[in-house]
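Pasting structure_14.cif here (mmCIF, C-alpha atoms and all ligand atoms):
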data_upload
#
loop_
_atom_site.label_atom_id
_atom_site.label_comp_id
_atom_site.auth_asym_id
_atom_site.auth_seq_id
_atom_site.Cartn_x
_atom_site.Cartn_y
_atom_site.Cartn_z
CA MET H 20 52.12 -18.49 -14.11
CA ARG H 21 50.08 -21.64 -14.58
CA SER H 22 48.55 -21.34 -11.11
CA SER H 23 47.57 -17.69 -11.60
CA ILE H 24 45.92 -18.50 -14.92
CA SER H 25 43.95 -21.35 -13.35
CA SER H 26 42.91 -19.17 -10.43
CA ILE H 27 41.67 -16.51 -12.85
CA PHE H 28 39.75 -19.24 -14.66
CA LEU H 29 38.29 -20.59 -11.41
CA GLY H 30 37.37 -17.07 -10.31
CA THR H 31 35.46 -16.49 -13.54
CA ALA H 32 33.71 -19.86 -13.24
CA ALA H 33 32.70 -19.05 -9.67
CA LEU H 34 31.27 -15.69 -10.75
CA ILE H 35 29.31 -17.31 -13.57
CA SER H 36 27.88 -19.97 -11.26
CA LEU H 37 26.96 -17.30 -8.69
CA ALA H 38 25.04 -15.33 -11.35
CA SER H 39 23.22 -18.34 -12.74
CA ALA H 40 22.38 -19.63 -9.26
CA ALA H 41 20.48 -16.45 -8.36
CA ASP H 42 16.70 -16.66 -8.13
CA LEU H 43 16.48 -13.77 -10.61
CA ASN H 44 18.92 -12.34 -13.12
CA VAL H 45 18.04 -8.64 -13.37
CA PRO H 46 18.83 -7.11 -16.77
CA ALA H 47 19.63 -3.57 -17.84
CA CYS H 48 16.48 -1.69 -18.89
CA PRO H 49 14.44 -1.81 -21.08
CA ALA H 50 14.60 -5.63 -20.68
CA THR H 51 12.99 -6.78 -17.43
CA VAL H 52 12.79 -9.89 -15.27
CA ARG H 53 9.63 -10.85 -13.38
CA ALA H 54 9.15 -12.03 -9.81
CA SER H 55 5.64 -13.38 -9.35
CA PHE H 56 3.79 -14.83 -6.39
CA ASN H 57 0.30 -16.03 -5.53
CA GLN H 58 0.62 -17.53 -2.06
CA ALA H 59 0.16 -16.27 1.47
CA ILE H 60 2.80 -16.05 4.15
CA PRO H 61 3.26 -18.30 6.05
CA ASP H 62 0.51 -20.82 5.26
CA LEU H 63 0.74 -20.80 1.42
CA ALA H 64 -3.02 -20.19 1.11
CA PRO H 65 -4.02 -18.73 -2.27
CA CYS H 66 -3.31 -15.04 -2.84
CA PRO H 67 -4.25 -13.07 -5.94
CA LEU H 68 -1.35 -12.82 -8.37
CA THR H 69 1.26 -10.13 -7.78
CA THR H 70 4.15 -9.48 -10.14
CA VAL H 71 7.23 -7.27 -9.89
CA ASP H 72 9.14 -6.48 -13.10
CA LEU H 73 12.68 -5.31 -12.42
CA CYS H 74 15.47 -3.73 -14.40
CA TYR H 75 18.33 -1.34 -13.76
CA THR H 76 19.80 1.76 -15.37
CA SER H 77 23.18 3.27 -14.48
CA THR H 78 21.54 5.26 -11.69
CA ALA H 79 18.22 3.59 -10.75
CA LEU H 80 16.47 0.35 -9.93
CA ASN H 81 13.11 0.31 -11.69
CA LEU H 82 10.27 -1.77 -10.29
CA VAL H 83 6.82 -2.23 -11.82
CA PHE H 84 4.46 -3.76 -9.29
CA THR H 85 1.19 -5.24 -10.61
CA ALA H 86 -1.57 -6.38 -8.24
CA SER H 87 -4.19 -8.59 -9.91
CA GLY H 88 -7.44 -9.83 -8.38
CA GLU H 89 -7.83 -6.62 -6.41
CA THR H 90 -11.31 -5.96 -5.03
CA SER H 91 -11.01 -3.30 -2.33
CA PHE H 92 -8.17 -0.90 -3.33
CA TYR H 93 -8.12 -0.16 0.37
CA PHE H 94 -6.02 2.74 1.67
CA ASN H 95 -6.27 5.52 4.21
CA PRO H 96 -6.66 8.79 2.26
CA SER H 97 -5.10 10.79 5.11
CA HIS H 98 -1.72 9.11 4.63
CA THR H 99 1.16 10.99 3.06
CA THR H 100 4.78 9.97 2.34
CA ASN H 101 6.16 7.60 5.03
CA GLY H 102 2.76 7.28 6.75
CA ASP H 103 1.61 3.92 8.11
CA ILE H 104 0.43 2.75 4.69
CA TRP H 105 1.57 -0.80 5.59
CA ALA H 106 -1.51 -1.21 7.80
CA TYR H 107 -3.76 -1.07 4.67
CA GLU H 108 -3.02 -2.39 1.17
CA VAL H 109 0.48 -2.03 -0.23
CA MET H 110 3.01 -3.71 -2.46
CA GLU H 111 6.52 -3.84 -1.02
CA ALA H 112 10.15 -4.50 -1.82
CA PHE H 113 12.84 -5.14 0.81
CA ILE H 114 16.18 -4.39 -0.85
CA TYR H 115 19.81 -5.04 0.09
CA LYS H 116 22.96 -4.93 -2.01
CA GLY H 117 25.12 -7.88 -0.98
CA THR H 118 24.88 -11.64 -0.62
CA ASP H 119 24.59 -12.13 3.15
CA ASN H 120 21.46 -12.08 5.33
CA PRO H 121 21.23 -8.35 6.04
CA GLN H 122 20.77 -6.60 9.35
CA THR H 123 20.06 -3.28 7.59
CA TYR H 124 18.07 -3.02 4.35
CA PHE H 125 15.73 -0.66 2.56
CA GLU H 126 11.97 -1.07 2.84
CA TYR H 127 9.97 0.42 -0.01
CA GLU H 128 6.17 0.33 -0.18
CA VAL H 129 3.52 1.86 -2.39
CA SER H 130 -0.23 2.11 -1.80
CA PRO H 131 -3.11 2.20 -4.31
CA ASN H 132 -3.25 5.93 -3.49
CA ASN H 133 0.28 6.39 -4.91
CA VAL H 134 1.71 7.06 -1.45
CA THR H 135 5.14 5.59 -0.65
CA TYR H 136 6.98 4.46 2.46
CA ASN H 137 10.75 4.73 2.29
CA ALA H 138 12.88 3.60 5.20
CA PHE H 139 16.11 1.86 6.03
CA ILE H 140 15.34 -0.87 8.54
CA TYR H 141 17.70 -1.70 11.39
CA ASN H 142 17.01 -5.33 12.36
CA PRO H 143 20.17 -6.69 14.01
CA SER H 144 18.55 -10.03 14.92
CA ARG H 145 17.74 -10.51 11.20
CA VAL H 146 14.34 -11.90 12.23
CA ARG H 147 12.83 -9.06 14.27
CA ALA H 148 13.24 -11.21 17.39
CA ALA H 149 11.20 -10.17 20.43
CA GLY H 150 13.17 -8.05 22.86
CA THR H 151 15.82 -7.01 20.32
CA PRO H 152 16.23 -3.62 18.61
CA PHE H 153 14.15 -2.86 15.51
CA ASP H 154 14.37 0.65 14.10
CA HIS H 155 13.66 2.77 11.00
CA ALA H 156 15.53 5.60 9.34
CA PHE H 157 13.17 7.34 6.94
CA VAL H 158 14.22 8.83 3.64
CA THR H 159 12.41 12.09 4.26
CA ASP H 160 12.54 13.69 0.81
CA PRO H 161 12.33 10.76 -1.63
CA PHE H 162 11.17 12.81 -4.62
CA GLY H 163 13.85 15.42 -3.98
CA ASP H 164 16.33 12.53 -3.85
CA GLY H 165 15.31 11.24 -7.29
CA PHE H 166 12.72 8.60 -6.48
CA LYS H 167 9.85 8.37 -8.97
CA VAL H 168 6.45 6.71 -8.71
CA THR H 169 3.25 6.56 -10.71
CA THR H 170 0.25 4.44 -9.79
CA ALA H 171 -2.77 3.56 -11.91
CA LEU H 172 -5.94 1.83 -10.69
CA ASP H 173 -7.87 -0.31 -13.17
CA LYS H 174 -11.01 -1.10 -11.18
CA PRO H 175 -12.97 -2.83 -13.98
CA ASN H 176 -10.08 -5.29 -14.37
CA GLN H 177 -9.43 -5.56 -10.59
CA LYS H 178 -5.86 -4.43 -11.02
CA TRP H 179 -3.46 -1.75 -9.88
CA VAL H 180 -0.04 -1.02 -11.23
CA SER H 181 2.67 1.06 -9.65
CA SER H 182 5.89 1.95 -11.45
CA SER H 183 8.72 3.04 -9.18
CA SER H 184 12.29 4.15 -9.68
CA ILE H 185 14.70 4.02 -6.74
CA PRO H 186 18.11 5.75 -6.90
CA LEU H 187 21.03 3.30 -6.83
CA ALA H 188 23.15 5.87 -5.00
CA LEU H 189 21.12 4.89 -1.94
CA PHE H 190 23.01 1.58 -2.02
CA ASN H 191 26.36 2.90 -3.32
CA ALA H 192 25.48 0.90 -6.42
CA GLU H 193 25.51 3.08 -9.53
CA ASN H 194 26.48 1.14 -12.70
CA PRO H 195 25.39 -2.09 -10.97
CA GLN H 196 26.20 -4.68 -13.62
CA GLY H 197 27.85 -7.64 -11.89
CA THR H 198 26.51 -6.90 -8.40
CA ASN H 199 24.51 -9.32 -6.27
CA TRP H 200 21.51 -8.44 -4.14
CA ARG H 201 19.04 -9.87 -1.67
CA MET H 202 15.37 -8.87 -1.84
CA ASN H 203 11.89 -9.97 -0.94
CA PHE H 204 8.55 -8.75 -2.31
CA PHE H 205 5.23 -8.60 -0.53
CA ARG H 206 1.61 -7.54 -0.86
CA THR H 207 -0.90 -6.90 1.91
CA ILE H 208 -4.63 -7.35 1.34
CA THR H 209 -7.44 -6.02 3.49
CA ASP H 210 -10.75 -4.19 3.14
CA ALA H 211 -13.21 -2.13 5.16
CA THR H 212 -14.74 -5.20 6.81
CA THR H 213 -11.57 -7.20 7.59
CA TYR H 214 -9.29 -4.27 8.54
CA PRO H 215 -7.05 -4.32 10.60
CA GLN H 216 -6.60 -7.99 9.70
CA GLN H 217 -4.51 -8.46 6.57
CA LYS H 218 -3.69 -11.28 4.25
CA LEU H 219 0.09 -11.31 3.79
CA CYS H 220 1.34 -12.46 0.39
CA GLY H 221 5.00 -12.87 -0.48
CA TRP H 222 7.59 -13.94 -3.01
CA LYS H 223 9.81 -15.86 -0.58
CA ASN H 224 8.02 -17.40 2.35
CA THR H 225 9.32 -16.08 5.66
CA ASN H 226 7.57 -18.96 7.48
CA ALA H 227 6.14 -16.46 9.96
CA GLU H 228 3.53 -13.69 10.05
CA ASN H 229 6.46 -11.33 9.81
CA PHE H 230 8.11 -9.89 6.71
CA HIS H 231 11.35 -8.99 8.47
CA ILE H 232 13.11 -12.37 8.22
CA THR H 233 16.20 -11.69 6.17
CA PRO H 234 17.52 -15.28 5.73
CA SER H 235 14.40 -15.79 3.58
CA PHE H 236 15.27 -12.99 1.14
CA GLY H 237 15.76 -14.19 -2.44
CA THR H 238 18.96 -13.76 -4.43
CA LEU H 239 19.29 -11.46 -7.46
CA ALA H 240 22.20 -10.99 -9.82
CA PHE H 241 22.37 -7.78 -11.88
CA VAL H 242 23.63 -9.08 -15.20
C1 LIG K 1 2.20 9.77 -7.86
O1 LIG K 1 3.13 10.47 -7.06
C2 LIG K 1 4.25 11.00 -7.77
C3 LIG K 1 5.16 11.67 -6.76
O2 LIG K 1 4.48 12.67 -6.07
C4 LIG K 1 3.78 11.96 -8.88
O3 LIG K 1 4.90 12.34 -9.64
C5 LIG K 1 2.74 11.24 -9.75
O4 LIG K 1 2.25 12.16 -10.71
C6 LIG K 1 1.63 10.79 -8.84
N1 LIG K 1 0.41 10.41 -9.51
C7 LIG K 1 0.14 9.31 -10.20
C8 LIG K 1 -1.22 9.16 -10.74
O5 LIG K 1 0.93 8.40 -10.38
#
Could I get this file's structure written as structure tokens?
Amino acid sequence: MRSSISSIFLGTAALISLASAADLNVPACPATVRASFNQAIPDLAPCPLTTVDLCYTSTALNLVFTASGETSFYFNPSHTTNGDIWAYEVMEAFIYKGTDNPQTYFEYEVSPNNVTYNAFIYNPSRVRAAGTPFDHAFVTDPFGDGFKVTTALDKPNQKWVSSSSIPLALFNAENPQGTNWRMNFFRTITDATTYPQQKLCGWKNTNAENFHITPSFGTLAFV
């Protein structure tokens, strides 16, 4: 009896330390937690500030992306859902439910034109190593599936804000309190003169000109 009580106690202590050790503790909405970054990947050069405010409901992960210091609002107007918006300006979240370095995760992006990219990424090397498989499975009907997005450009204040809602059923994660996640957040910056070159900005440095390095993903506890 004594040993089972102490193992319950130790189990609870381990859970508490896991939650408090996460980079971000994500609350139930309407409270939010903020990830913010203002450095380039991989050289840590200055990037304009980007923030991501996160919270969860019983059925959705809500993300509010805010890009400050925006000057070009550069996108390709011919792009529609799941187009190559990543070649222009986007804000991005790579999302995985679990604590390990994932080989499969969800890539979500939104452009200043309110177009989204929604794909599960298959990256068995975890670092997109040359000569290894790297594949995408698109979510082809995100709005039919319950995704939501709205995007507002504020050109006088050099800012754009995109509010997104991603169904938790995608991750088998409804009612997510107590779950642990790995994520990274990014922003690409380019304009008509520098395209196709981009400045890559990120929350957790991947130490490469490559976002698909999953050991670099941050840790998030849904509390
Ligand atoms: C953005 O796209 C979504 C999904 O099509 C739509 O519901 C929303 O009204 C769009 N417009 C803006 C300005 O956010």
Listing only residues of chain H within 9 Å of ligand LIG 1 (chain K), what is the closest atom pair and its distance in Å (to one decimal) for each, using only C-alpha atoms and all ligand atoms, sorted by chain and residue number ascending, as CSV?
residue,atom,partner,partner_atom,distance
H:Thr100,CA,K:LIG1,O2,8.8
H:Asn132,CA,K:LIG1,C1,8.0
H:Asn133,CA,K:LIG1,C1,4.9
H:Val134,CA,K:LIG1,O1,6.7
H:Thr135,CA,K:LIG1,O1,8.3
H:Pro161,CA,K:LIG1,C3,8.9
H:Phe162,CA,K:LIG1,C3,6.5
H:Phe166,CA,K:LIG1,C3,8.2
H:Lys167,CA,K:LIG1,C3,6.1
H:Val168,CA,K:LIG1,C2,4.9
H:Thr169,CA,K:LIG1,O5,3.0
H:Thr170,CA,K:LIG1,O5,4.1
H:Ala171,CA,K:LIG1,C8,5.9
H:Leu172,CA,K:LIG1,C8,8.7
H:Ser181,CA,K:LIG1,O5,7.6
H:Ser182,CA,K:LIG1,O5,8.2
Exercise. For Asn176 (chain H), which of H:Glu89, H:Asp210, H:Glu228, H:Glu111 is the closest residue, counting only C-alpha atoms?
Worked result: H:Glu89
Problem set entry | Residue nearest Trp105 (chain H) - candidates H:Thr159, H:Ser130, H:Asn142, H:Gln122, atoms counted: all atoms listed in the file | H:Ser130
For this session: Give me the residues within 10 Å of region 191-202 of chain H as number ranges by chain, counting all atoms listed in the file and dropping any in the same chain fewer than 4 places off.
Result: H: 34-35, 37-38, 41-47, 75-80, 112-121, 124-126, 186-187, 222-223, 233-242
Pull C-alpha atoms from the residues just selected and write them as a PDB file, in the coordinates of the input.
ATOM      1  CA  LEU H  34      31.270 -15.690 -10.750  1.00  0.00           C
ATOM      2  CA  ILE H  35      29.310 -17.310 -13.570  1.00  0.00           C
ATOM      3  CA  LEU H  37      26.960 -17.300  -8.690  1.00  0.00           C
ATOM      4  CA  ALA H  38      25.040 -15.330 -11.350  1.00  0.00           C
ATOM      5  CA  ALA H  41      20.480 -16.450  -8.360  1.00  0.00           C
ATOM      6  CA  ASP H  42      16.700 -16.660  -8.130  1.00  0.00           C
ATOM      7  CA  LEU H  43      16.480 -13.770 -10.610  1.00  0.00           C
ATOM      8  CA  ASN H  44      18.920 -12.340 -13.120  1.00  0.00           C
ATOM      9  CA  VAL H  45      18.040  -8.640 -13.370  1.00  0.00           C
ATOM     10  CA  PRO H  46      18.830  -7.110 -16.770  1.00  0.00           C
ATOM     11  CA  ALA H  47      19.630  -3.570 -17.840  1.00  0.00           C
ATOM     12  CA  TYR H  75      18.330  -1.340 -13.760  1.00  0.00           C
ATOM     13  CA  THR H  76      19.800   1.760 -15.370  1.00  0.00           C
ATOM     14  CA  SER H  77      23.180   3.270 -14.480  1.00  0.00           C
ATOM     15  CA  THR H  78      21.540   5.260 -11.690  1.00  0.00           C
ATOM     16  CA  ALA H  79      18.220   3.590 -10.750  1.00  0.00           C
ATOM     17  CA  LEU H  80      16.470   0.350  -9.930  1.00  0.00           C
ATOM     18  CA  ALA H 112      10.150  -4.500  -1.820  1.00  0.00           C
ATOM     19  CA  PHE H 113      12.840  -5.140   0.810  1.00  0.00           C
ATOM     20  CA  ILE H 114      16.180  -4.390  -0.850  1.00  0.00           C
ATOM     21  CA  TYR H 115      19.810  -5.040   0.090  1.00  0.00           C
ATOM     22  CA  LYS H 116      22.960  -4.930  -2.010  1.00  0.00           C
ATOM     23  CA  GLY H 117      25.120  -7.880  -0.980  1.00  0.00           C
ATOM     24  CA  THR H 118      24.880 -11.640  -0.620  1.00  0.00           C
ATOM     25  CA  ASP H 119      24.590 -12.130   3.150  1.00  0.00           C
ATOM     26  CA  ASN H 120      21.460 -12.080   5.330  1.00  0.00           C
ATOM     27  CA  PRO H 121      21.230  -8.350   6.040  1.00  0.00           C
ATOM     28  CA  TYR H 124      18.070  -3.020   4.350  1.00  0.00           C
ATOM     29  CA  PHE H 125      15.730  -0.660   2.560  1.00  0.00           C
ATOM     30  CA  GLU H 126      11.970  -1.070   2.840  1.00  0.00           C
ATOM     31  CA  PRO H 186      18.110   5.750  -6.900  1.00  0.00           C
ATOM     32  CA  LEU H 187      21.030   3.300  -6.830  1.00  0.00           C
ATOM     33  CA  TRP H 222       7.590 -13.940  -3.010  1.00  0.00           C
ATOM     34  CA  LYS H 223       9.810 -15.860  -0.580  1.00  0.00           C
ATOM     35  CA  THR H 233      16.200 -11.690   6.170  1.00  0.00           C
ATOM     36  CA  PRO H 234      17.520 -15.280   5.730  1.00  0.00           C
ATOM     37  CA  SER H 235      14.400 -15.790   3.580  1.00  0.00           C
ATOM     38  CA  PHE H 236      15.270 -12.990   1.140  1.00  0.00           C
ATOM     39  CA  GLY H 237      15.760 -14.190  -2.440  1.00  0.00           C
ATOM     40  CA  THR H 238      18.960 -13.760  -4.430  1.00  0.00           C
ATOM     41  CA  LEU H 239      19.290 -11.460  -7.460  1.00  0.00           C
ATOM     42  CA  ALA H 240      22.200 -10.990  -9.820  1.00  0.00           C
ATOM     43  CA  PHE H 241      22.370  -7.780 -11.880  1.00  0.00           C
ATOM     44  CA  VAL H 242      23.630  -9.080 -15.200  1.00  0.00           C
TER      45      VAL H 242
END
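CA of His231 (chain H) to CA of Arg147 (chain H) spans 6.0 Å [interatomic distance, one decimal].
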